[in-house]
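S.K.: Quick one: the structure is below, and I'll ask about it shortly.
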Amino acid sequence: LLKDPNSAVSAGASSILILLERETKQISHRRTGGRVTAKIRTEDALLDKKGKITVKGLESRRGDWSKLAKNAQLDVLNTVLSEGSGEGALNIVQKIIKNIRSKKIDIEDLILSNKLSRNLEDYVAIGPQVAAGKLMAERGEDVGPGTVVKYIITEGNSKLVRDRVKLSDTVSIDEIDKDYYIDKQVIGATYKILELFGYNEDQIKGLNTGLDQWL
């Protein structure tokens, strides 16, 4: 890891340092009266005195990200800061994607966890966490504000994620939605970093080797 954030690094790593040391702005949209308004939330991640990344607000702190996605993001951040380029980070993400495709991954790392803030009947929008809460209630568990739900997204015909939720203690690795965990979790947590080094989504997935430019 970088001991001195001011040490010379490549242009890509410099962009990462700026991103981390200053701020990362994400736009979240809230629909009010038919209008979409943008709310800017400042997020940041800094290096501590030992050169280790301290994350505040980035994906690694969000409950709706799996352990796999959180670790992938931190590994990518650590790698680009220590190596000064994106190649090593790309290799890390591609290896994770390969393991997901071959289902050579610990199912515990795929669990999504959320805490319910209200009673199930009080939710207007039914998201994955509410769907998981309903499954818990169906098997006789007490569910309400403060209940922590743990679930996994599985394959299925429905395009709605909530319809493909299963409680984490009822799922086998063969049931997981590989595309969801690749696209929404791993790439979702690391893309904005790898993009700074010029990688697109196809390259990250290993779908574009760069040979097509010669054809």
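Starting from 1 in every chain, residues are counted up; chains themselves are A, B, ... following the order of the structure tokens, and ligands are numbered from 1 as listed.
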Among segment 37-204 of chain A, which ones does DSSP place in alpha helix (DSSP H), written as a VMD selection string?

M.R.: chain A and resid 67 to 83 87 to 101 128 to 138 178 to 180 187 to 194 201 to 204

S.K.: Excluding same-chain residues fewer than 2 positions from segment 100-116 of chain A, what lies within 8 Å of it counting only C-alpha atoms, as a PyMOL selection string?

M.R.: chain A and resi 63-68+96-98+118-119+129-130+133+144-152+168+172-174+178+181-182

S.K.: For those residues, write N, CA, C and O atoms to a file as a short mmCIF file (atom, residue, chain, number, x, y, z; two decimals), in the first residue's frame.

M.R.:
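out-v4.cif, written as the output of this step:
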```cif
data_model
loop_
_atom_site.label_atom_id
_atom_site.label_comp_id
_atom_site.auth_asym_id
_atom_site.auth_seq_id
_atom_site.Cartn_x
_atom_site.Cartn_y
_atom_site.Cartn_z
N GLY A 63 -25.26 -1.93 3.21
CA GLY A 63 -25.75 -3.24 3.58
C GLY A 63 -26.27 -4.06 2.42
O GLY A 63 -26.35 -5.28 2.51
N ASP A 64 -26.67 -3.38 1.33
CA ASP A 64 -27.22 -4.12 0.20
C ASP A 64 -26.15 -4.56 -0.78
O ASP A 64 -26.44 -4.89 -1.92
N TRP A 65 -24.91 -4.55 -0.34
CA TRP A 65 -23.81 -5.12 -1.12
C TRP A 65 -23.34 -6.38 -0.41
O TRP A 65 -23.23 -6.43 0.80
N SER A 66 -23.05 -7.40 -1.18
CA SER A 66 -22.57 -8.65 -0.61
C SER A 66 -21.13 -8.48 -0.12
O SER A 66 -20.43 -7.53 -0.49
N LYS A 67 -20.72 -9.42 0.71
CA LYS A 67 -19.33 -9.42 1.19
C LYS A 67 -18.37 -9.52 0.00
O LYS A 67 -17.30 -8.90 0.00
N LEU A 68 -18.77 -10.27 -1.00
CA LEU A 68 -17.95 -10.43 -2.20
C LEU A 68 -17.70 -9.08 -2.87
O LEU A 68 -16.57 -8.74 -3.24
N ILE A 96 -12.55 -12.93 -9.98
CA ILE A 96 -13.78 -13.06 -9.21
C ILE A 96 -14.93 -13.43 -10.14
O ILE A 96 -15.74 -14.31 -9.84
N ILE A 97 -15.01 -12.75 -11.29
CA ILE A 97 -16.08 -13.03 -12.25
C ILE A 97 -15.99 -14.47 -12.75
O ILE A 97 -17.00 -15.18 -12.87
N LYS A 98 -14.77 -14.93 -13.01
CA LYS A 98 -14.57 -16.31 -13.45
C LYS A 98 -15.05 -17.30 -12.40
O LYS A 98 -15.69 -18.31 -12.72
N ARG A 118 -39.52 -0.76 9.24
CA ARG A 118 -40.94 -0.66 9.58
C ARG A 118 -41.58 -2.04 9.48
O ARG A 118 -40.95 -3.01 9.09
N ASN A 119 -42.85 -2.12 9.80
CA ASN A 119 -43.58 -3.37 9.65
C ASN A 119 -43.79 -3.66 8.17
O ASN A 119 -43.89 -2.74 7.36
N GLN A 129 -35.45 -6.62 0.16
CA GLN A 129 -35.41 -6.84 1.60
C GLN A 129 -36.80 -7.09 2.19
O GLN A 129 -36.96 -7.87 3.12
N VAL A 130 -37.81 -6.44 1.61
CA VAL A 130 -39.18 -6.66 2.06
C VAL A 130 -39.65 -8.05 1.64
O VAL A 130 -40.31 -8.76 2.41
N GLY A 133 -38.25 -10.39 4.02
CA GLY A 133 -38.97 -10.32 5.28
C GLY A 133 -40.27 -11.10 5.23
O GLY A 133 -40.66 -11.77 6.19
N GLY A 144 -40.33 -7.35 11.90
CA GLY A 144 -40.78 -5.98 12.12
C GLY A 144 -39.60 -5.02 12.09
O GLY A 144 -38.50 -5.39 11.67
N PRO A 145 -39.81 -3.79 12.55
CA PRO A 145 -38.71 -2.82 12.57
C PRO A 145 -37.50 -3.36 13.34
O PRO A 145 -37.64 -3.88 14.44
N GLY A 146 -36.34 -3.27 12.72
CA GLY A 146 -35.12 -3.76 13.37
C GLY A 146 -34.74 -5.18 12.98
O GLY A 146 -33.62 -5.62 13.24
N THR A 147 -35.65 -5.90 12.31
CA THR A 147 -35.33 -7.26 11.88
C THR A 147 -34.29 -7.22 10.76
O THR A 147 -34.41 -6.47 9.80
N VAL A 148 -33.26 -8.02 10.91
CA VAL A 148 -32.22 -8.12 9.88
C VAL A 148 -32.57 -9.28 8.96
O VAL A 148 -32.74 -10.41 9.42
N VAL A 149 -32.71 -8.98 7.68
CA VAL A 149 -33.03 -10.02 6.71
C VAL A 149 -31.77 -10.34 5.90
O VAL A 149 -31.01 -9.46 5.54
N LYS A 150 -31.57 -11.64 5.67
CA LYS A 150 -30.42 -12.08 4.89
C LYS A 150 -30.92 -12.94 3.74
O LYS A 150 -31.65 -13.90 3.95
N TYR A 151 -30.52 -12.58 2.54
CA TYR A 151 -31.09 -13.25 1.37
C TYR A 151 -30.07 -13.31 0.23
O TYR A 151 -29.02 -12.66 0.26
N ILE A 152 -30.43 -14.11 -0.76
CA ILE A 152 -29.60 -14.29 -1.94
C ILE A 152 -30.49 -14.16 -3.17
O ILE A 152 -31.66 -14.56 -3.13
N SER A 168 -31.19 -16.78 2.77
CA SER A 168 -29.83 -17.28 2.59
C SER A 168 -29.62 -18.70 3.10
O SER A 168 -28.76 -19.42 2.59
N SER A 172 -28.86 -23.10 -2.48
CA SER A 172 -27.63 -23.79 -2.83
C SER A 172 -26.89 -22.96 -3.87
O SER A 172 -27.48 -22.11 -4.54
N ILE A 173 -25.61 -23.19 -4.03
CA ILE A 173 -24.79 -22.41 -4.96
C ILE A 173 -25.29 -22.55 -6.40
O ILE A 173 -25.12 -21.65 -7.22
N ASP A 174 -25.94 -23.67 -6.71
CA ASP A 174 -26.43 -23.90 -8.08
C ASP A 174 -27.61 -23.00 -8.44
O ASP A 174 -27.96 -22.89 -9.61
N LYS A 178 -26.02 -15.76 -11.49
CA LYS A 178 -24.63 -15.38 -11.77
C LYS A 178 -24.55 -13.98 -12.38
O LYS A 178 -23.66 -13.19 -12.02
N TYR A 181 -24.89 -11.18 -9.75
CA TYR A 181 -23.73 -10.97 -8.90
C TYR A 181 -22.54 -10.41 -9.67
O TYR A 181 -21.72 -9.69 -9.10
N ILE A 182 -22.47 -10.72 -10.95
CA ILE A 182 -21.40 -10.15 -11.78
C ILE A 182 -21.70 -8.69 -12.10
O ILE A 182 -20.88 -7.80 -11.84
#
```

S.K.: Any chance you could list, as a list in words, the residues in segment 134-210 of chain A that come up strand (DSSP E or B) when DSSP is run on the backbone?

M.R.: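 Strand (DSSP E or B) members of segment 134-210 of chain A, listed: Val148, Val149, Lys150, Tyr151, Ile152, Ile153, Thr154, Val165, Lys166, Leu167 and Ile176 of chain A.
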
S.K.: Can you write just those residues out, all heavy atoms, as an mmCIF file, in the first residue's frame?

M.R.:
```
data_model
loop_
_atom_site.group_PDB
_atom_site.id
_atom_site.type_symbol
_atom_site.label_atom_id
_atom_site.label_comp_id
_atom_site.auth_asym_id
_atom_site.auth_seq_id
_atom_site.Cartn_x
_atom_site.Cartn_y
_atom_site.Cartn_z
ATOM 1 N N VAL A 148 -33.258 -8.021 10.907
ATOM 2 C CA VAL A 148 -32.223 -8.125 9.880
ATOM 3 C C VAL A 148 -32.574 -9.283 8.958
ATOM 4 O O VAL A 148 -32.745 -10.410 9.419
ATOM 5 C CB VAL A 148 -30.829 -8.344 10.493
ATOM 6 C CG1 VAL A 148 -29.785 -8.551 9.401
ATOM 7 C CG2 VAL A 148 -30.443 -7.156 11.367
ATOM 8 N N VAL A 149 -32.708 -8.976 7.685
ATOM 9 C CA VAL A 149 -33.028 -10.022 6.709
ATOM 10 C C VAL A 149 -31.771 -10.344 5.903
ATOM 11 O O VAL A 149 -31.006 -9.464 5.540
ATOM 12 C CB VAL A 149 -34.162 -9.576 5.760
ATOM 13 C CG1 VAL A 149 -35.443 -9.371 6.532
ATOM 14 C CG2 VAL A 149 -33.799 -8.299 5.009
ATOM 15 N N LYS A 150 -31.570 -11.635 5.667
ATOM 16 C CA LYS A 150 -30.417 -12.081 4.893
ATOM 17 C C LYS A 150 -30.922 -12.943 3.744
ATOM 18 O O LYS A 150 -31.651 -13.904 3.954
ATOM 19 C CB LYS A 150 -29.451 -12.880 5.779
ATOM 20 C CG LYS A 150 -28.832 -12.046 6.898
ATOM 21 C CD LYS A 150 -27.839 -12.861 7.719
ATOM 22 C CE LYS A 150 -27.192 -11.997 8.786
ATOM 23 N NZ LYS A 150 -26.189 -12.750 9.573
ATOM 24 N N TYR A 151 -30.523 -12.579 2.539
ATOM 25 C CA TYR A 151 -31.087 -13.250 1.370
ATOM 26 C C TYR A 151 -30.075 -13.315 0.234
ATOM 27 O O TYR A 151 -29.019 -12.663 0.260
ATOM 28 C CB TYR A 151 -32.348 -12.520 0.908
ATOM 29 C CG TYR A 151 -32.136 -11.057 0.603
ATOM 30 C CD1 TYR A 151 -31.887 -10.605 -0.688
ATOM 31 C CD2 TYR A 151 -32.190 -10.099 1.617
ATOM 32 C CE1 TYR A 151 -31.692 -9.269 -0.975
ATOM 33 C CE2 TYR A 151 -31.993 -8.753 1.350
ATOM 34 C CZ TYR A 151 -31.740 -8.333 0.056
ATOM 35 O OH TYR A 151 -31.541 -7.008 -0.216
ATOM 36 N N ILE A 152 -30.426 -14.111 -0.756
ATOM 37 C CA ILE A 152 -29.598 -14.289 -1.940
ATOM 38 C C ILE A 152 -30.492 -14.162 -3.168
ATOM 39 O O ILE A 152 -31.663 -14.557 -3.133
ATOM 40 C CB ILE A 152 -28.890 -15.667 -1.906
ATOM 41 C CG1 ILE A 152 -27.734 -15.625 -0.894
ATOM 42 C CG2 ILE A 152 -28.375 -16.077 -3.285
ATOM 43 C CD1 ILE A 152 -27.024 -16.934 -0.697
ATOM 44 N N ILE A 153 -29.943 -13.588 -4.239
ATOM 45 C CA ILE A 153 -30.694 -13.446 -5.477
ATOM 46 C C ILE A 153 -30.447 -14.684 -6.338
ATOM 47 O O ILE A 153 -29.304 -15.044 -6.616
ATOM 48 C CB ILE A 153 -30.273 -12.184 -6.253
ATOM 49 C CG1 ILE A 153 -30.327 -10.954 -5.343
ATOM 50 C CG2 ILE A 153 -31.158 -12.009 -7.478
ATOM 51 C CD1 ILE A 153 -31.675 -10.711 -4.704
ATOM 52 N N THR A 154 -31.523 -15.320 -6.745
ATOM 53 C CA THR A 154 -31.427 -16.573 -7.492
ATOM 54 C C THR A 154 -31.901 -16.396 -8.933
ATOM 55 O O THR A 154 -32.468 -15.367 -9.302
ATOM 56 C CB THR A 154 -32.281 -17.671 -6.822
ATOM 57 O OG1 THR A 154 -33.663 -17.269 -6.836
ATOM 58 C CG2 THR A 154 -31.842 -17.887 -5.378
ATOM 59 N N VAL A 165 -35.794 -13.505 -4.855
ATOM 60 C CA VAL A 165 -35.162 -13.520 -3.533
ATOM 61 C C VAL A 165 -35.451 -14.838 -2.824
ATOM 62 O O VAL A 165 -36.574 -15.325 -2.828
ATOM 63 C CB VAL A 165 -35.698 -12.347 -2.676
ATOM 64 C CG1 VAL A 165 -35.369 -12.554 -1.198
ATOM 65 C CG2 VAL A 165 -35.129 -11.032 -3.168
ATOM 66 N N LYS A 166 -34.423 -15.408 -2.225
ATOM 67 C CA LYS A 166 -34.587 -16.567 -1.343
ATOM 68 C C LYS A 166 -33.769 -16.321 -0.087
ATOM 69 O O LYS A 166 -32.715 -15.666 -0.136
ATOM 70 C CB LYS A 166 -34.119 -17.859 -2.024
ATOM 71 C CG LYS A 166 -35.061 -18.355 -3.121
ATOM 72 C CD LYS A 166 -34.682 -19.760 -3.582
ATOM 73 C CE LYS A 166 -35.654 -20.285 -4.630
ATOM 74 N NZ LYS A 166 -35.314 -21.673 -5.053
ATOM 75 N N LEU A 167 -34.260 -16.795 1.027
ATOM 76 C CA LEU A 167 -33.533 -16.631 2.278
ATOM 77 C C LEU A 167 -32.205 -17.374 2.194
ATOM 78 O O LEU A 167 -32.118 -18.457 1.602
ATOM 79 C CB LEU A 167 -34.370 -17.137 3.449
ATOM 80 C CG LEU A 167 -35.691 -16.373 3.680
ATOM 81 C CD1 LEU A 167 -36.462 -16.980 4.844
ATOM 82 C CD2 LEU A 167 -35.426 -14.886 3.929
ATOM 83 N N ILE A 176 -27.882 -19.644 -7.650
ATOM 84 C CA ILE A 176 -27.566 -18.211 -7.675
ATOM 85 C C ILE A 176 -27.716 -17.621 -9.077
ATOM 86 O O ILE A 176 -27.506 -18.302 -10.079
ATOM 87 C CB ILE A 176 -26.145 -17.931 -7.146
ATOM 88 C CG1 ILE A 176 -25.092 -18.493 -8.102
ATOM 89 C CG2 ILE A 176 -25.978 -18.467 -5.754
ATOM 90 C CD1 ILE A 176 -23.683 -18.002 -7.816
#
```

S.K.: Using atom CA of Val161 of chain A and atom CA of Gly127 of chain A as the two end points, give the distance in Å to one decimal.

M.R.: 8.0 Å

S.K.: Which residue out of A:Val143, A:Ala137, A:Leu81, A:Val171 has the minimum interatomic distance to Ser117 of chain A when only C-alpha atoms are used?

M.R.: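 Checking each candidate against Ser117 of chain A, we get A:Val143 as the closest.
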
S.K.: Using only C-alpha atoms, which residues sit within 8 Å of Asp75 of chain A once same-chain residues fewer than 4 positions away are excluded, as a ChimeraX atom specification?

M.R.: /A:71,79,89,92

S.K.: Residues near Gly198 of chain A, anyone? I mean within 9 Å using only C-alpha atoms, not counting same-chain ones fewer than 2 positions away, as a ChimeraX atom specification.

M.R.: /A:12,86,194-196,200

S.K.: Emit the selected residues as a CSV table (one decimal), in the first residue's frame, including all heavy atoms.

M.R.:
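For reference, again37.csv as written:
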```
chain,number,residue,atom,x,y,z
A,12,GLY,N,-3.6,7.5,-13.8
A,12,GLY,CA,-4.7,6.8,-13.4
A,12,GLY,C,-4.8,6.7,-11.9
A,12,GLY,O,-5.8,7.0,-11.3
A,86,GLY,N,-4.0,0.1,-13.3
A,86,GLY,CA,-5.3,-0.6,-13.2
A,86,GLY,C,-5.2,-2.1,-13.6
A,86,GLY,O,-6.1,-2.8,-13.4
A,194,LEU,N,-12.2,1.2,-12.1
A,194,LEU,CA,-11.5,0.7,-13.3
A,194,LEU,C,-11.7,1.6,-14.5
A,194,LEU,O,-10.9,1.6,-15.4
A,194,LEU,CB,-12.0,-0.7,-13.6
A,194,LEU,CG,-11.7,-1.8,-12.5
A,194,LEU,CD1,-12.4,-3.1,-12.8
A,194,LEU,CD2,-10.2,-2.0,-12.5
A,195,GLU,N,-12.9,2.3,-14.6
A,195,GLU,CA,-13.1,3.1,-15.7
A,195,GLU,C,-12.1,4.3,-15.8
A,195,GLU,O,-11.8,4.7,-16.9
A,195,GLU,CB,-14.5,3.7,-15.5
A,195,GLU,CG,-15.0,4.6,-16.7
A,195,GLU,CD,-16.3,5.2,-16.5
A,195,GLU,OE1,-16.7,5.5,-15.3
A,195,GLU,OE2,-17.1,5.4,-17.5
A,196,LEU,N,-11.5,4.7,-14.6
A,196,LEU,CA,-10.5,5.7,-14.6
A,196,LEU,C,-9.3,5.3,-15.4
A,196,LEU,O,-8.5,6.1,-15.8
A,196,LEU,CB,-10.1,6.1,-13.2
A,196,LEU,CG,-11.2,6.8,-12.4
A,196,LEU,CD1,-10.8,7.0,-10.9
A,196,LEU,CD2,-11.6,8.1,-13.0
A,200,ASN,N,-13.6,-0.7,-20.1
A,200,ASN,CA,-15.0,-0.7,-20.3
A,200,ASN,C,-15.6,-2.0,-19.7
A,200,ASN,O,-14.8,-2.9,-19.3
A,200,ASN,CB,-15.5,-0.5,-21.7
A,200,ASN,CG,-14.9,-1.6,-22.6
A,200,ASN,OD1,-15.0,-2.7,-22.3
A,200,ASN,ND2,-14.5,-1.2,-23.8
```

S.K.: How far is it from atom CA of Phe197 of chain A to atom CA of Asn91 of chain A, in Å with one decimal?

M.R.: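 Atom-to-atom, atom CA of Phe197 of chain A and atom CA of Asn91 of chain A are spaced 13.0 Å apart.
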